[in-house]
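Heads up: the structure comes next, in structure tokens.
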Amino acid sequence: MSGYTSDPRIKWPEWLPWIAALAFFFTMPEYLALGSRILIYILFALSLDLILGYAGIITLGHSAFFGLGAYSAGILSAKYGVNDPFIGLVAAAAMAALLGMATGALILRTKALTLLMLTLAITSILYEVANRASWLTGGNDGLSGVTMAPILGLFKFDLFGKTAFIYCLVALFIGWLVVRRLIYSPFGAMLTGIRENTVRMHAVGAPVYWRLVLVYTISATMAGIAGALLAQVNQFVGLNVLGLEPSGDLLVMLILGGVGRLYGAFVGPVVYLIAQDYLAKAYPEYWYLGIGVLLIVVVLFARGGILGIWDKWLQALSRQKSSARASAR
């Protein structure tokens with residue numbers, strides 16, 4: 001589901017993830033903490049898919065915005081006593097957007113390996129800054145003391161994770177609406193054109209560079225919000241949020257689900273985090289091996305990710321129906 005369409009209305013199958021999330025909330029209350037984490041990473045994956053799957057911007061440094069968002073919300077609470085969740089989200093979004101705009105304006109003038117290395121360098125710089133500013137971020141020990149006031153003064157963050165789950169679900173729903181609106185629009189069609197043939201888009205007079213900077217900033221903003229959600233739900237920020245590992249994990253999630261398919265960002269994190277949770281409990285020393293095997297299987301036998309298998313099945317079913325109609329005639 002990519003690119004511009006004359007009928008951007010939401011189809012009924014698109015409501016299935018939300019129905020499944022609500023069913024999960026009521027039927028599996030003991031796993032709501034894991035569920036909240038999955039929802040946060042789906043939002044994080046959506047932000048990356050917007051630039052990778054639709055604009056073709058390859059990055060290894062998306063955790064820079066995720067981590068900055070987490071620290072922005074965490075520092076506001078732990079150091080300055082600003083515990084309102086919405087203020088934390090707005091602050092995280094603003095900081096991530098500023099970083100996205102500033103770095104995007106610089107690195108998007110480059111391509112290929114140079115672009116990839118610059119994204120990695122930006123994340124490494126932020127990691128080192130956060131590590132050295134231990135008086136503010138907690139350094140290697142992490143930032144503790146993050147507390148959240150009740151949402152709207154009514155809903156407290158409880159130990160069972162009910163409020164956190166619904167809070168993350170609403171944030172994800174809004175993020176999904178924004179991304180869906182973007183890709184089902186002329187702007188989304190332009191991003192697809194830039195991804196497929198940048199030279200041709202230049203030839204028709206499209207403002208390629210500024211479109212890329214804009215979508216990069218939007219993506220950074222969403223990643224910052226995802227990071228803030230993680231800080232608010234966990235009430236702790238570890239230095240690892242700025243590491244290479246979150247960016248690498250995110251790429252694996254998108255590859256598993258399907259890059260540039262919108263709902264691949266929903267499928268990949270679910271499969272990855274559930275597999276991680278199970279394998280880490282069963283094989284605590286070798287769980288990465290299981291993830292690696294899973295990734296290899298998907299890359300070799302499902303080139304479009306898990307959603308690619310679904311697409312092939314639908315195509316095969318359509319061909320069977322067409323053959324049946326032809327035979328009936």
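Residue names in the structure tokens use chain letters A, B, ... in the order shown, residue numbers from 1 in each chain, and ligand numbers from 1 in the order shown.
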Which residues are close to Ile107 of chain A, i.e. within 10 Å by only C-alpha atoms, leaving aside same-chain residues fewer than 2 positions away? Reply as a list in words.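 Using only C-alpha atoms, the neighbours found are Ala102, Thr103, Gly104, Ala105, Arg109, Thr110, Lys111, Thr114, Leu115, Leu116, Met117, Leu118, Thr119, Ile122 and Val213 of chain A.
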DSSP-assigned alpha helix (DSSP H) members of segment 79-265 of chain A, reported as a PyMOL selection string: chain A and resi 79-80+85-107+112-132+134-137+162-183+186-196+198-203+208-234+244-257+264-265
Can you list, as a list in words, every residue of segment 23-248 of chain A that DSSP puts in strand (DSSP E or B)?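 Matching residues for strand (DSSP E or B) in segment 23-248 of chain A are Leu143, Ile151, Phe155 and Val237 of chain A.
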Selection file, all heavy atoms, as a JSON list (two decimals), in the first residue's frame:
[["chain", "number", "residue", "atom", "x", "y", "z"],
["A", 143, "LEU", "N", 19.18, 7.37, 33.45],
["A", 143, "LEU", "CA", 18.44, 8.46, 34.07],
["A", 143, "LEU", "C", 17.25, 7.88, 34.84],
["A", 143, "LEU", "O", 16.30, 7.38, 34.25],
["A", 143, "LEU", "CB", 17.93, 9.43, 33.00],
["A", 143, "LEU", "CG", 17.11, 10.63, 33.48],
["A", 143, "LEU", "CD1", 17.98, 11.56, 34.33],
["A", 143, "LEU", "CD2", 16.54, 11.39, 32.29],
["A", 151, "ILE", "N", -2.68, 10.95, 33.48],
["A", 151, "ILE", "CA", -3.09, 11.53, 32.21],
["A", 151, "ILE", "C", -4.43, 12.25, 32.39],
["A", 151, "ILE", "O", -5.39, 11.67, 32.92],
["A", 151, "ILE", "CB", -3.21, 10.43, 31.13],
["A", 151, "ILE", "CG1", -1.84, 9.78, 30.90],
["A", 151, "ILE", "CG2", -3.75, 11.00, 29.83],
["A", 151, "ILE", "CD1", -1.87, 8.60, 29.96],
["A", 155, "PHE", "N", -6.03, 9.35, 34.92],
["A", 155, "PHE", "CA", -5.57, 7.99, 34.68],
["A", 155, "PHE", "C", -4.10, 7.84, 35.10],
["A", 155, "PHE", "O", -3.21, 8.36, 34.44],
["A", 155, "PHE", "CB", -5.75, 7.59, 33.22],
["A", 155, "PHE", "CG", -7.15, 7.81, 32.72],
["A", 155, "PHE", "CD1", -7.46, 8.93, 31.94],
["A", 155, "PHE", "CD2", -8.16, 6.92, 33.04],
["A", 155, "PHE", "CE1", -8.75, 9.15, 31.48],
["A", 155, "PHE", "CE2", -9.45, 7.13, 32.58],
["A", 155, "PHE", "CZ", -9.75, 8.24, 31.81],
["A", 237, "VAL", "N", 15.50, 6.01, 31.63],
["A", 237, "VAL", "CA", 16.14, 6.15, 30.32],
["A", 237, "VAL", "C", 17.56, 5.62, 30.40],
["A", 237, "VAL", "O", 18.37, 6.15, 31.16],
["A", 237, "VAL", "CB", 16.16, 7.62, 29.84],
["A", 237, "VAL", "CG1", 16.75, 7.70, 28.43],
["A", 237, "VAL", "CG2", 14.76, 8.22, 29.85]]
Which residues come within 12 Å of Thr221 of chain A, counting only C-alpha atoms, excluding same-chain residues fewer than 3 positions away, as a PyMOL selection string? chain A and resi 43-44+46-48+50+62-70+89-101+175+178-179+214-218+224-228
From the list A:Ala20, A:Ala189, A:Ile291, A:Met148, which residue is nearest Phe236 of chain A when using only C-alpha atoms? A:Met148
Show me, as a short mmCIF file (atom, residue, chain, number, x, y, z; two decimals) with all heavy atoms, in the first residue's frame, the residues that have an atom within 7 Å of Ala164 of chain A when counting only C-alpha atoms, minus same-chain residues fewer than 4 positions from it.
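Dumped everything to around_15.cif:
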data_model
loop_
_atom_site.label_atom_id
_atom_site.label_comp_id
_atom_site.auth_asym_id
_atom_site.auth_seq_id
_atom_site.Cartn_x
_atom_site.Cartn_y
_atom_site.Cartn_z
N SER A 36 2.83 -2.73 25.47
CA SER A 36 3.17 -1.30 25.37
C SER A 36 4.48 -1.12 24.62
O SER A 36 4.61 -0.21 23.78
CB SER A 36 3.27 -0.68 26.77
OG SER A 36 2.04 -0.76 27.45
N PHE A 157 -0.47 5.94 35.90
CA PHE A 157 0.36 4.87 35.35
C PHE A 157 0.52 3.80 36.43
O PHE A 157 1.26 3.97 37.38
CB PHE A 157 1.73 5.42 34.93
CG PHE A 157 1.70 6.20 33.64
CD1 PHE A 157 1.28 7.53 33.63
CD2 PHE A 157 2.06 5.61 32.45
CE1 PHE A 157 1.23 8.25 32.45
CE2 PHE A 157 2.02 6.32 31.26
CZ PHE A 157 1.61 7.64 31.25
N CYS A 168 -0.15 4.49 24.81
CA CYS A 168 0.69 4.19 23.65
C CYS A 168 -0.15 3.87 22.42
O CYS A 168 0.21 4.23 21.30
CB CYS A 168 1.62 3.02 23.96
SG CYS A 168 2.87 3.36 25.22
N VAL A 233 6.82 5.36 29.94
CA VAL A 233 6.28 4.06 30.33
C VAL A 233 7.23 3.32 31.26
O VAL A 233 6.83 2.76 32.28
CB VAL A 233 5.95 3.21 29.08
CG1 VAL A 233 5.64 1.77 29.47
CG2 VAL A 233 4.77 3.81 28.33
#
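Each of A:Ala275, A:Leu169, A:Val298, A:Ala316 was checked against Leu229 of chain A using only C-alpha atoms; the smallest atom-to-atom distance is that of A:Leu169.
Straight-line separation from atom CA of Ile42 of chain A to atom CA of Leu250 of chain A: 9.3 Å.
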So that I can see what lies close to segment 256-260 of chain A, please list as a compact mmCIF listing (two decimals) with C-alpha atoms, in the first residue's frame the residues with an atom at most 8 Å from it, counting only C-alpha atoms and leaving out residues fewer than 2 positions away in the same chain.
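Output contents, as saved in around_27.txt:
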# COMPACT_ATOMS: atom_id res chain seq x y z
CA MET A 1 0.00 0.00 0.00
CA SER A 2 2.27 2.76 -1.17
CA ASP A 49 9.53 3.18 7.07
CA LEU A 50 8.38 6.65 6.04
CA LEU A 52 13.33 4.21 4.09
CA GLY A 53 10.38 2.52 2.43
CA TYR A 54 8.86 5.54 0.70
CA VAL A 252 15.50 -6.06 11.21
CA MET A 253 11.89 -5.45 12.27
CA LEU A 254 11.11 -3.66 9.01
CA LEU A 262 2.95 0.60 5.82
CA TYR A 263 1.69 -2.43 7.72
CA GLY A 264 5.08 -4.10 7.60
CA ALA A 265 5.89 -1.70 10.45
CA PHE A 266 3.06 -3.36 12.40
CA VAL A 267 3.97 -6.97 11.65
CA GLY A 268 7.76 -6.78 12.04
CA PRO A 269 7.95 -5.42 15.62
CA VAL A 271 7.15 -10.87 15.38
CA TYR A 272 10.58 -9.63 16.49
CA LEU A 295 15.85 -13.14 9.49
CA VAL A 298 12.54 -14.38 5.68
CA VAL A 299 15.20 -12.84 3.42
CA GLY A 304 8.93 -8.77 0.56
CA GLY A 305 8.91 -9.71 4.23
CA ILE A 306 6.06 -11.50 5.96
CA LEU A 307 3.56 -9.26 4.17
CA GLY A 308 5.17 -10.36 0.92
Applying 12 Å and only C-alpha atoms, which residues near Lys156 of chain A remain after dropping the ones on its own chain fewer than 4 positions away? List them as a list in words. Asn83, Asp84, Pro85, Thr147, Met148, Ala149, Pro150, Ile151, Leu152, Phe160, Gly161, Lys162, Thr163, Ala164, Phe165, Ile166, Tyr167, Gln232 and Val233 of chain A
